[in-house]
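Below is one structure, written out as structure tokens, with a few remarks after it.
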Amino acid sequence: MLRVEGLQAAYGESQVLHDIAFEVAEGEVVTLLGRNGMGKTTTINTIFGLLPARAGKVWIGDADMTNAAPHRIARAGMGLVPEGRQVFPTLDVRENLIAMARPGNWDFAKVLALFPRLGERLGNKGNQLSGGEQQMLAIGRALMTNPRLMVLDEATEGLAPLIRDEIWACLSQLKEAGESILIIDKNVDALTRFADRHVVIEKGQVVWSGDNAALRSTPDIKERFLHV
Amino acid sequence: MSLLDVRNLRKSYGALKVTDDLNLSVDEGELHAIIGPNGAGKSTLIAQLSGQAGSDGGSVRFDGTDMMGMPMHKRVRAGMSRSFQITSILPGFTALENVAVAAQAGQGSSFRFLAPVADEAALNDAALAALARVGIDDRAFVKAGSLSHGEKRQLELAIALATRPRLLLLDEPLAGTSGAEADRLVEVMRSLKSELTLVLIEHDMDAVFSLADRISVLVYGRIIATGSPDQIRSDPKVRAAYLGEETEDA
Amino acid sequence: MRLIPTRAWAATLLFAAFAALPLIAAALDDAYLVVIATRILAYAIAALALDLILGYGGMVSFGHAAYLGIGAYSVAILSRAGITDLSLHILGAIAGAAIFAVITGAISLRTKGIYFIMITLAFAQMAYFFFVSLSAYGGDDGVTLSTRSTLFGQPVLEDDTALYYTAFAILLGLYLTAVAVTRSRFGRVLTGARENPVRMQAIGFSPFRYQLTAFVISGCMTSIAGVMLANQASFVSPAYMDWHRSGELVVMVVFGGIGNLLGAVAGATIALLLEEWLAVLTEHWPLLFGLILVLVVLYSRDGLTGFFRRRL
Amino acid sequence: QDDETLKIGLIFTLSGPAAVLGEMGRDGFQLAAEQIGEIGGMPTEIIVVDDEQKPDIAANKARELVERDQVDIVVGPIFSNILGAIMKPVTDSGAILISPNAGTSNFAGAECNRNFFVTSYQNDQMHEVMGAYAQEQGYSNVFLLAPNYQAGKDSLAGFKNSYKGGVAGEIFTQLGQLDYSAELAQIAAMQPDAVFAFMPGGMGVNLVKQYRQAGLETIPFLSAFTVDESTLPAQQDAAVGFFAGSNWAPDLDTPENKAFVDAYEAKYGKVPATYAMQAYDAAHLIDAAIREAGGTGDKDALIAAMEGAPFTSVRGDFSFGPNHYPVQDFYLTEVVQREDGKFATSIVKKIFDDYADNYVGACEMN
Amino acid sequence: MTNLFLLQLLNGMQFGILLFLIAAGLTLVFGIMDFVNLAHGVIYMVGAYLAVTFSQMTGSYGLGLLLTLPATLVIGLVLELLVFRKLYDRPHLDQVLATFGLVMIITEGVEIIWGAAPLSVQMPDLLSGSVPLIGPLRYPVFRLVVIAAGLATAVALWLIITRTRIGMRLRAGATNRAMVSALGVDIKKLFTIIFAFGAMLAGFAGAMVAPILTVDPGMGESVLILAFVVIVIGGIGSVKGAFAGALLVGLVDTLGRSFGPIILRSFLDPSAAGQAGRVLAPMLVYILMAVILAARPAGLFGART
Ligand SMILES: Nc1ncnc2c1ncn2[C@@H]1O[C@H](COP(=O)(O)OP(=O)(O)OP(=O)(O)O)[C@@H](O)[C@H]1O
Ligand SMILES: Nc1ncnc2c1ncn2[C@@H]1O[C@H](COP(=O)(O)OP(=O)(O)OP(=O)(O)O)[C@@H](O)[C@H]1O
Ligand SMILES: [Mg+2]
Ligand SMILES: [Mg+2]
């Protein structure tokens with residue numbers, strides 16, 4: 001579904017990604033792990049064409065999508081829940097959800113069923129929501145584009161435990177329905193319940209990758225790369 | 001004795017009662033956590049306490065002084081600082097300048113027009129210390145806008161610290177930080193407990209239960225329970241409204 | 001950080017050129033150069049003042065021409081009252097500008113962004129129409145000044161070169177002051193308030209007080225430019241306060257590159273020189289001038305200074 | 001300074017909304033210059049500058065002309081406020097200033113200046129013509145309309161100078177006003193005997209079109225600087241039958257005028273307005289005076305020669321009063337469509353004969 | 001008196017709607033897309049000039065108007081491709097500078113092509129008369145057409161902005177272009193189209209006013225500030241606001257002009273009233289704006305700050 005090879009990227013002069021390579025197969029759940037500032041979000045942005053790749057390749061399905069326009073990448077089946085929510089502040093909840101929607105399994109009613117809270121705030125503008133509500137909206141908005149690969153960058157930030165659990169459940173369902181997921185999240189323990197593989201990034205490079213079992217069985221990975 | 005005393009605080013957006021006759025008291029020296037579902041009104045409460053948002057009624061007393069109607073910057077001067085859930089920094093300033101300007105607020109007049117501020121060692125040292133405390137002193141000279149999300153969250157806390165408050169209101173300081181950084185911030189907060197009074201809003205229950213002296217649970221604008229971590233953890237109302245199965249994991 | 005020595009260099013160069021200009025004019029036997037250059041200096045003062053609030057404070061005043069007018073009219077009004085000294089004219093200008101700036105600034109600062117632009121425009125237009133209706137001073141026709149301001153009682157400014165050096169000294173003094181202000185505690189708070197006013201409040205500052213102070217300082221500085229303009233042209237009219245003039249000041253600052261005082265000085269200088277030079281070249285000079293503006297925006301992110309920064 | 005060539009600086013408004021007037025002035029002058037060849041029998045250099053209709057810019061450009069280019073004579077400008085700004089720099093330098101249009105009262109009276117000549121009129125006179133005509137018609141109820149600025153106020157004062165009847169209403173509109181519905185509604189409601197309007201430039205175009213569209217054409221429309229050859233291409237038949245006061249019209253019957261109008265139309269393809277005519281006359285004035293004074297070397301002689309107005313104006317009768325403002329005839333003109341389809345003003349009748357301005361008494365020329 | 005008052009009320013509304021028509025394109029580009037386009041006025045001017053030229057060529061105002069629309073659309077497209085698209089992500093001041101340059105270029109270009117003299121267009125006889133209203137008061141037919149055109153534009157614009165997905169995407173794109181495209185919308189193309197549409201609206205307004213206003217090189221600039229005033233008073237980002245702002249400006253201006261002196265005379269002596277009236281009248285619109293913004297810093301209907 002998604003394959004990244006030797007990806008490099010920079011903000012102006014400062015190079016942030018040096019060599020990123022990984023793959024998300026059809027129906028697979030892959031996590032990107034790493035400490036703050038290691039380049040996880042930058043990787044996502046580069047894949048989505050929001051930041052130019054200096055080198056390397058991004059394949060979506062069989063198509064080379066390196067440095068393609070973001071909308072083409074999205075239309076190739078990618079859905080993004082960006083870091084920091086980025087809901088549209090001047091659109092109300094309903095508009096946020098339907099403005100970019102594409103037809104498919106997920107529709108307005110289903111998203112509201114997933115997040116009843118949003119249903120109670122349909123008339124609020126994006127910036128008149130609590131942090132957690134914005135996060136739900138960002139997830140709902142991405143679902144409404146009916147992607148084949150969901151990319152979630154810290155999508156559970158600021159969500160209450162109950163809601164977080166519902167997100168996990170929802171992602172598991174998505175997985176069962178055959179969708180792929182690429183996820184960055186700090187709740188590594190929760191991720192290990194349904195992720196297939198993990199990719200650890202440090203200083204813009206992939207320093208470890210392996211399947212769920214490998215991560216569980218080698219606790220020092222977490223110690224080494226995610227803790228001090 | 002209680003440092004912060006909130007009585008019958010109210011606020012609504014149209015028909016929505018965000019803060020509904022809320023009472024809360026925070027004792028000097030304690031770490032008081034506030035938890036509750038999304039949209040319960042936690043950030044709104046902080047906004048009301050800090051003066052960012054107005055209130056429709058009720059009273060807020062800080063150290064015996066009435067705070068109602070006092071503008072935000074005066075409340076900070078009085079010793080009450082806050083951090084933001086949705087990162088609020090000065091993106092064009094370096095991380096160091098972000099913190100130094102916060103330190104500047106507490107150190108004499110800023111109507112000084114000619115002396116170069118970048119040379120003021122007292123401000124820079126204080127700023128560096130705060131950055132070091134949250135663990136991003138190596139990023140001191142990076143423009144705050146180019147920090148990663150997690151680093152910005154750390155900076156957010158450093159700024160609040162640099163104002164040297166007596167009461168610190170923290171709105172989800174751990175959100176967006178993971179692993180090592182989160183651990184570090186938890187340690188920072190633990191060490192802060194001996195220096196000042198803290199109100200902590202968090203959805204990270206591990207942190208809340210390990211740090212809090214007392215916990216209040218806010219649901220739909222009302223405090224439905226206040227008590228020690230153990231009392232709260234076992235309160236069925238709280239489990240139903242908020243915690244779910246999460247605590248089992250911890 | 002590396003920029004500071006570069007800027008000091010460029011500033012030295014620019015001001016040295018200004019200092020030497022009358023000599024060059026004498027060598028070329030072109031006394032008129034000094035006349036043009038005095039006008040440039042006056043606009044440079046105004047642009048500098050505007051950049052202080054626009055570049056550092058994020059306050060885009062679209063009404064700064066009002067202060068040019070206040071300065072110019074203080075020359076006309078005080079002269080008619082028999083007060084002729086430049087220092088008193090400047091004092092009068094500053095007093096008038098300060099009053100106008102405090103009142104309009106306090107109201108305008110309730111708004112932000114485009115709204116701020118428009119409300120400052122509104123106040124400037126009110127001032128404009130007020131002076132248009134001031135029949136005692138010729139209404140929109142304005143008045144011709146029979147003499148220039150005196151300097152410590154002496155009519156030395158009748159000499160173009162003396163007037164030039166006076167303007168130069170004022171510009172240099174204000175430039176150095178402005179640079180210091182932007183690097184001071186005050187300057188940092190001002191910039192912080194531009195970056196994120198809510199955050200500044202949350203660390204204990206009231207952005208309003210700092211912004212208003214800066215707004216008043218800038219207005220007063222601009223009124224000094226008005227005093228110099230009135231002397232340079234020996235003529236005062238509401239045309240100084242026309243909204244086009246405010247727009248041109250903004251264009252000068254942005255053209256030069258905002259938020260680094262020198263850019264404002266350079267922007268004013270180069271814009272006025274270009275206008276002078278292109279007008280000689282062709283009657284359709286606005287076409288070329290417009291083209292240059294567009295190209296500068298498209299190819300530099302930071303006005304003229306942007307080009308330099310990349311080189312150096 | 002080179003005494004061999006004659007240097008003339010033209011300063012006109014050549015950009016912005018009023019550029020058309022400046023262009024007419026410039027074209028009129030250059031037409032004469034071409035026809036004459038060597039003005040005053042001297043090799044001639046003409047420098048044209050644009051005052052952008054901004055007084056401070058004009059003051060600087062004027063200084064540039066007299067100081068850097070060292071011109072002997074400056075011709076210009078169109079607008080009164082520009083005249084105020086350039087008067088001092090030009091005359092202080094010793095150069096001669098000839099205004100081919102603006103003729104403000106201060107320079108006609110107390111502030112008159114030896115080095116300053118006007119080939120047009122004193123501003124009030126055009127309005128006085130219409131006032132006199134309204135008086136003559138026996139109107140008792142005239143509605144007055146002018147923009148809210150100095151010239152507008154002077155205009156209505158000028159009109160009332162010679163009109164003693166009643167005033168139905170007096171409105172100062174905004175400078176650059178687009179929509180006159182409100183004023184027109186008041187006029188319609190009052191049904192005055194006539195309307196007098198001073199609405200130069202684009203304002204006049206707006207007013208005249210809207211006046212016609214509002215169906216008010218039955219009320220006589222008297223005006224100054226509102227319908228002339230600079231605005232008629234835009235007003236077209238909306239203005240036909242509207243009256244104006246003028247010191248000239250293209251169909252004024254003198255041989256010089258016929259030659260001028262024909263040449264101008266042939267060269268520029270439009271009907272000239274007074275601005276062109278007055279600049280054309282200015283060129284001839286300079287030519288004749290220099291020939292009489294025998295060059296530009298002796299400024300006093302040149303000024304003395306000019307005072308005699310030793311040329312044949314296309315207006316026929318023309319002389320200077322002691323304040324260097326013209327003494328000339330004034331006419332009532334009316335807008336007509338000529339046989340070739342173009343619109344122009346046409347002389348209806350003479351209102352004033354050899355008319356001097358009202359300020360000349362205050363002038364003490366040294 | 002009451003008749004006159006009603007008529008002036010109508011005139012005020014009529015002027016307001018005319019202002020809205022002129023400001024409509026700017027509402028889209030500046031209000032909704034958040035692009036500070038000082039060149040709006042000159043595009044409007046070009047529209048008027050094109051209407052003159054096309055009407056002369058075809059001998060019919062109606063045809064001229066119809067041809068002006070695609071022509072200004074194309075001009076908008078070209079401008080967008082050459083200049084504007086590089087500026088969406090730039091600060092407002094860069095947009096000010098660039099479009100200020102465009103104003104100079106286009107104004108000078110118009111003077112070169114069409115000359116400095118004012119031009120005019122003949123309106124069809126059918127629309128050129130006036131209809132009786134009350135007593136001696138009549139109303140020009142063409143004004144009724146302008147009112148209709150203004151209202152139609154307002155309704156269409158409001159529907160597009162608030163009721164269609166295009167409108168939502170546009171509003172979303174104004175605050176966060178990257179996010180819109182990351183969700184699968186070709187924001188570049190959308191902005192290009194909408195910008196060109198905005199230019200066409202400006203051209204339409206120019207063509208509509210050509211029969212009643214002067215067509216000269218200054219016409220664009222004289223309405224530019226008014227157009228911005230209207231939008232800002234209403235609140236940036238709101239079509240409803242722009243319409244309300246336009247009506248308010250039209251009414252205050254017209255009624256102030258016609259009844260202000262009368263009101264002043266009721267508490268000042270006549271000469272002082274005349275004096276005060278003359279000082280205040282031209283400031284009226286600006287006083288209105290200052291008062292509204294001082295009371296509501298984001299305009300009447302504005303949310304965004
Ligand atoms: N400006 C506003 N207008 C209308 N409703 C608002 C506005 N701001 C916030 N709200 C609503 O008020 C409620 C309380 O919001 P608040 O941000 O205080 O929640 P919170 O408890 O901090 O939630 P979270 O844990 O998700 O951050 C939310 O439901 C939100 O939708
Ligand atoms: N806009 C930017 N300009 C310049 N540098 C940036 C920018 N955004 C991020 N960086 C830098 O790039 C590096 C990687 O940042 P990135 O946001 O990819 O980290 P991350 O792994 O997502 O971290 P976090 O967990 O904190 O979100 C950091 O050092 C950061 O400072
Ligand atoms: Mg990240
Ligand atoms: Mg919150």
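Residue numbers start at 1 in each chain; chains themselves are named A, B, ... in the order of the structure tokens; ligands are numbered from 1 in the order shown.
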Find the residues in chain B near chain C: any atom within 10 Å counts, using only C-alpha atoms. Write them as a VMD selection string.
-> chain B and resid 50 to 52 71 to 84 87 to 93 97 to 106 109 to 120 156 159 to 165
Let me have all residues with an atom within 10 Å of ligand 2, counting only C-alpha atoms and all ligand atoms, laid out as number ranges by chain.
-> A: 9-17, 32-46, 51, 83-84, 153-154, 184-186, 201-204; B: 139, 142-154, 176-179, 181
Site check for ligand 1: residues at most 7 Å away, only C-alpha atoms and all ligand atoms, as a list of chain:residue names = A:Arg121, A:Asn124, A:Gln128, A:Leu129, A:Ser130, A:Gly131, A:Gly132, A:Glu133, A:Gly158, A:Leu159, A:Ala160, B:Tyr13, B:Val18, B:Gly36, B:Pro37, B:Asn38, B:Gly39, B:Ala40, B:Gly41, B:Lys42, B:Ser43, B:Thr44, B:Leu45
Please, which residues of chain E lie no more than 9 Å from chain D when the count uses only C-alpha atoms, and can they be set out as number ranges by chain?
-> E: 1, 4, 7-8, 11-12, 14-15, 107-108, 111, 115-122, 128-131, 135-142, 211-219, 222-223, 254-255, 257-258, 278-279, 281-282
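One finds CA of Ser146 in chain C at 26.4 Å from CA of Ala26 in chain C.
Excluding range 29-43 of chain E and any residue on its chain fewer than 2 positions from it, the residues at most 6 Å away by only C-alpha atoms are E:Leu26, E:Thr27, E:Met45, E:Val46, E:Gln95, E:Thr99, E:Val103, E:Arg171, E:Ala174, E:Gly220, E:Glu221, E:Leu224, E:Ile236, E:Gly237.
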DSSP on the backbone: what in range 185-267 of chain E comes out alpha helix (DSSP H), as a count of residues only?
-> 66
Which of these residues is nearest to ligand 3, using only C-alpha atoms and all ligand atoms: A:Gly123, A:Met136, A:Gly178, A:Pro82?
-> A:Pro82
What residues in chain E lie within 9 Å of chain C, counting only C-alpha atoms, written as a ChimeraX atom specification?
-> /E:36,83,86-87,90,92-109,112,228-229,232-233,235-236,275,278-280,282-290,293-299,305
Between D:Gly28, D:Gly297, D:Gly37, D:Gly152, which has the minimum distance to chain C (counting only C-alpha atoms)?
->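 With only C-alpha atoms as the atom set, the closest residue is D:Gly152.
A straight line drawn from CA of Lys7 in chain D to CA of Gly316 in chain D is 27.6 Å long.
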Output as a PDB file with N, CA, C and O atoms, in the first residue's frame the set of chain E residues within 9 Å of chain A, with distances taken over only C-alpha atoms.
```
ATOM      1  N   THR E 164     -22.492  25.640  -0.477  1.00  0.00           N
ATOM      2  CA  THR E 164     -21.886  24.623  -1.346  1.00  0.00           C
ATOM      3  C   THR E 164     -20.564  24.153  -0.746  1.00  0.00           C
ATOM      4  O   THR E 164     -19.948  24.832   0.068  1.00  0.00           O
ATOM      5  N   ARG E 165     -20.143  22.989  -1.214  1.00  0.00           N
ATOM      6  CA  ARG E 165     -18.866  22.481  -0.734  1.00  0.00           C
ATOM      7  C   ARG E 165     -17.715  23.332  -1.254  1.00  0.00           C
ATOM      8  O   ARG E 165     -16.691  23.459  -0.594  1.00  0.00           O
ATOM      9  N   ILE E 166     -17.921  23.916  -2.440  1.00  0.00           N
ATOM     10  CA  ILE E 166     -16.891  24.826  -2.955  1.00  0.00           C
ATOM     11  C   ILE E 166     -16.660  25.944  -1.955  1.00  0.00           C
ATOM     12  O   ILE E 166     -15.519  26.298  -1.628  1.00  0.00           O
ATOM     13  N   GLY E 167     -17.763  26.492  -1.462  1.00  0.00           N
ATOM     14  CA  GLY E 167     -17.642  27.582  -0.493  1.00  0.00           C
ATOM     15  C   GLY E 167     -16.927  27.137   0.762  1.00  0.00           C
ATOM     16  O   GLY E 167     -16.067  27.835   1.293  1.00  0.00           O
ATOM     17  N   MET E 168     -17.268  25.953   1.245  1.00  0.00           N
ATOM     18  CA  MET E 168     -16.619  25.450   2.459  1.00  0.00           C
ATOM     19  C   MET E 168     -15.125  25.260   2.235  1.00  0.00           C
ATOM     20  O   MET E 168     -14.295  25.622   3.059  1.00  0.00           O
ATOM     21  N   ARG E 169     -14.789  24.673   1.094  1.00  0.00           N
ATOM     22  CA  ARG E 169     -13.373  24.427   0.819  1.00  0.00           C
ATOM     23  C   ARG E 169     -12.613  25.724   0.710  1.00  0.00           C
ATOM     24  O   ARG E 169     -11.463  25.841   1.144  1.00  0.00           O
ATOM     25  N   ARG E 171     -13.349  28.538   2.213  1.00  0.00           N
ATOM     26  CA  ARG E 171     -13.152  29.111   3.544  1.00  0.00           C
ATOM     27  C   ARG E 171     -12.096  28.332   4.303  1.00  0.00           C
ATOM     28  O   ARG E 171     -11.276  28.907   5.018  1.00  0.00           O
ATOM     29  N   ALA E 172     -12.125  27.016   4.120  1.00  0.00           N
ATOM     30  CA  ALA E 172     -11.111  26.208   4.786  1.00  0.00           C
ATOM     31  C   ALA E 172      -9.730  26.567   4.244  1.00  0.00           C
ATOM     32  O   ALA E 172      -8.774  26.731   4.997  1.00  0.00           O
ATOM     33  N   GLY E 173      -9.648  26.700   2.928  1.00  0.00           N
ATOM     34  CA  GLY E 173      -8.364  26.987   2.295  1.00  0.00           C
ATOM     35  C   GLY E 173      -7.802  28.335   2.723  1.00  0.00           C
ATOM     36  O   GLY E 173      -6.586  28.525   2.758  1.00  0.00           O
ATOM     37  N   THR E 175      -7.731  29.514   5.617  1.00  0.00           N
ATOM     38  CA  THR E 175      -7.006  29.439   6.880  1.00  0.00           C
ATOM     39  C   THR E 175      -5.917  28.377   6.858  1.00  0.00           C
ATOM     40  O   THR E 175      -4.965  28.472   7.610  1.00  0.00           O
ATOM     41  N   ASN E 176      -6.045  27.385   6.022  1.00  0.00           N
ATOM     42  CA  ASN E 176      -5.077  26.294   6.067  1.00  0.00           C
ATOM     43  C   ASN E 176      -5.053  25.555   4.731  1.00  0.00           C
ATOM     44  O   ASN E 176      -5.699  24.523   4.558  1.00  0.00           O
ATOM     45  N   ALA E 178      -2.634  23.964   3.232  1.00  0.00           N
ATOM     46  CA  ALA E 178      -1.963  22.667   3.221  1.00  0.00           C
ATOM     47  C   ALA E 178      -2.932  21.565   3.635  1.00  0.00           C
ATOM     48  O   ALA E 178      -2.985  20.501   3.014  1.00  0.00           O
ATOM     49  N   MET E 179      -3.701  21.849   4.674  1.00  0.00           N
ATOM     50  CA  MET E 179      -4.587  20.816   5.189  1.00  0.00           C
ATOM     51  C   MET E 179      -5.680  20.483   4.171  1.00  0.00           C
ATOM     52  O   MET E 179      -6.053  19.314   4.010  1.00  0.00           O
ATOM     53  N   VAL E 180      -6.171  21.483   3.490  1.00  0.00           N
ATOM     54  CA  VAL E 180      -7.210  21.219   2.490  1.00  0.00           C
ATOM     55  C   VAL E 180      -6.658  20.294   1.410  1.00  0.00           C
ATOM     56  O   VAL E 180      -7.308  19.327   1.002  1.00  0.00           O
ATOM     57  N   SER E 181      -5.441  20.572   0.971  1.00  0.00           N
ATOM     58  CA  SER E 181      -4.937  19.723  -0.097  1.00  0.00           C
ATOM     59  C   SER E 181      -4.571  18.345   0.430  1.00  0.00           C
ATOM     60  O   SER E 181      -4.754  17.348  -0.258  1.00  0.00           O
ATOM     61  N   ALA E 182      -4.131  18.283   1.685  1.00  0.00           N
ATOM     62  CA  ALA E 182      -3.812  16.966   2.241  1.00  0.00           C
ATOM     63  C   ALA E 182      -5.067  16.117   2.418  1.00  0.00           C
ATOM     64  O   ALA E 182      -4.988  14.917   2.620  1.00  0.00           O
ATOM     65  N   LEU E 183      -6.224  16.764   2.344  1.00  0.00           N
ATOM     66  CA  LEU E 183      -7.462  15.990   2.432  1.00  0.00           C
ATOM     67  C   LEU E 183      -8.029  15.712   1.043  1.00  0.00           C
ATOM     68  O   LEU E 183      -9.165  15.253   0.912  1.00  0.00           O
ATOM     69  N   GLY E 184      -7.258  16.036   0.011  1.00  0.00           N
ATOM     70  CA  GLY E 184      -7.647  15.566  -1.313  1.00  0.00           C
ATOM     71  C   GLY E 184      -8.280  16.586  -2.224  1.00  0.00           C
ATOM     72  O   GLY E 184      -8.886  16.232  -3.234  1.00  0.00           O
ATOM     73  N   VAL E 185      -8.165  17.875  -1.905  1.00  0.00           N
ATOM     74  CA  VAL E 185      -8.753  18.879  -2.782  1.00  0.00           C
ATOM     75  C   VAL E 185      -7.637  19.648  -3.487  1.00  0.00           C
ATOM     76  O   VAL E 185      -6.675  20.062  -2.839  1.00  0.00           O
ATOM     77  N   ASP E 186      -7.776  19.820  -4.784  1.00  0.00           N
ATOM     78  CA  ASP E 186      -6.771  20.571  -5.536  1.00  0.00           C
ATOM     79  C   ASP E 186      -6.990  22.053  -5.275  1.00  0.00           C
ATOM     80  O   ASP E 186      -7.687  22.753  -6.000  1.00  0.00           O
ATOM     81  N   ILE E 187      -6.369  22.506  -4.219  1.00  0.00           N
ATOM     82  CA  ILE E 187      -6.638  23.867  -3.748  1.00  0.00           C
ATOM     83  C   ILE E 187      -6.129  24.903  -4.725  1.00  0.00           C
ATOM     84  O   ILE E 187      -6.691  25.983  -4.882  1.00  0.00           O
ATOM     85  N   GLY E 237     -14.959  37.947   5.809  1.00  0.00           N
ATOM     86  CA  GLY E 237     -15.319  36.545   5.711  1.00  0.00           C
ATOM     87  C   GLY E 237     -16.808  36.296   5.675  1.00  0.00           C
ATOM     88  O   GLY E 237     -17.244  35.152   5.650  1.00  0.00           O
ATOM     89  N   ALA E 303     -16.202  36.942  12.618  1.00  0.00           N
ATOM     90  CA  ALA E 303     -15.761  36.093  13.700  1.00  0.00           C
ATOM     91  C   ALA E 303     -14.246  36.052  13.706  1.00  0.00           C
ATOM     92  O   ALA E 303     -13.607  36.131  14.730  1.00  0.00           O
ATOM     93  N   ARG E 304     -13.706  35.966  12.514  1.00  0.00           N
ATOM     94  CA  ARG E 304     -12.259  35.835  12.400  1.00  0.00           C
ATOM     95  C   ARG E 304     -11.604  37.144  12.812  1.00  0.00           C
ATOM     96  O   ARG E 304     -12.081  38.219  12.500  1.00  0.00           O
TER      97      ARG E 304
END
```
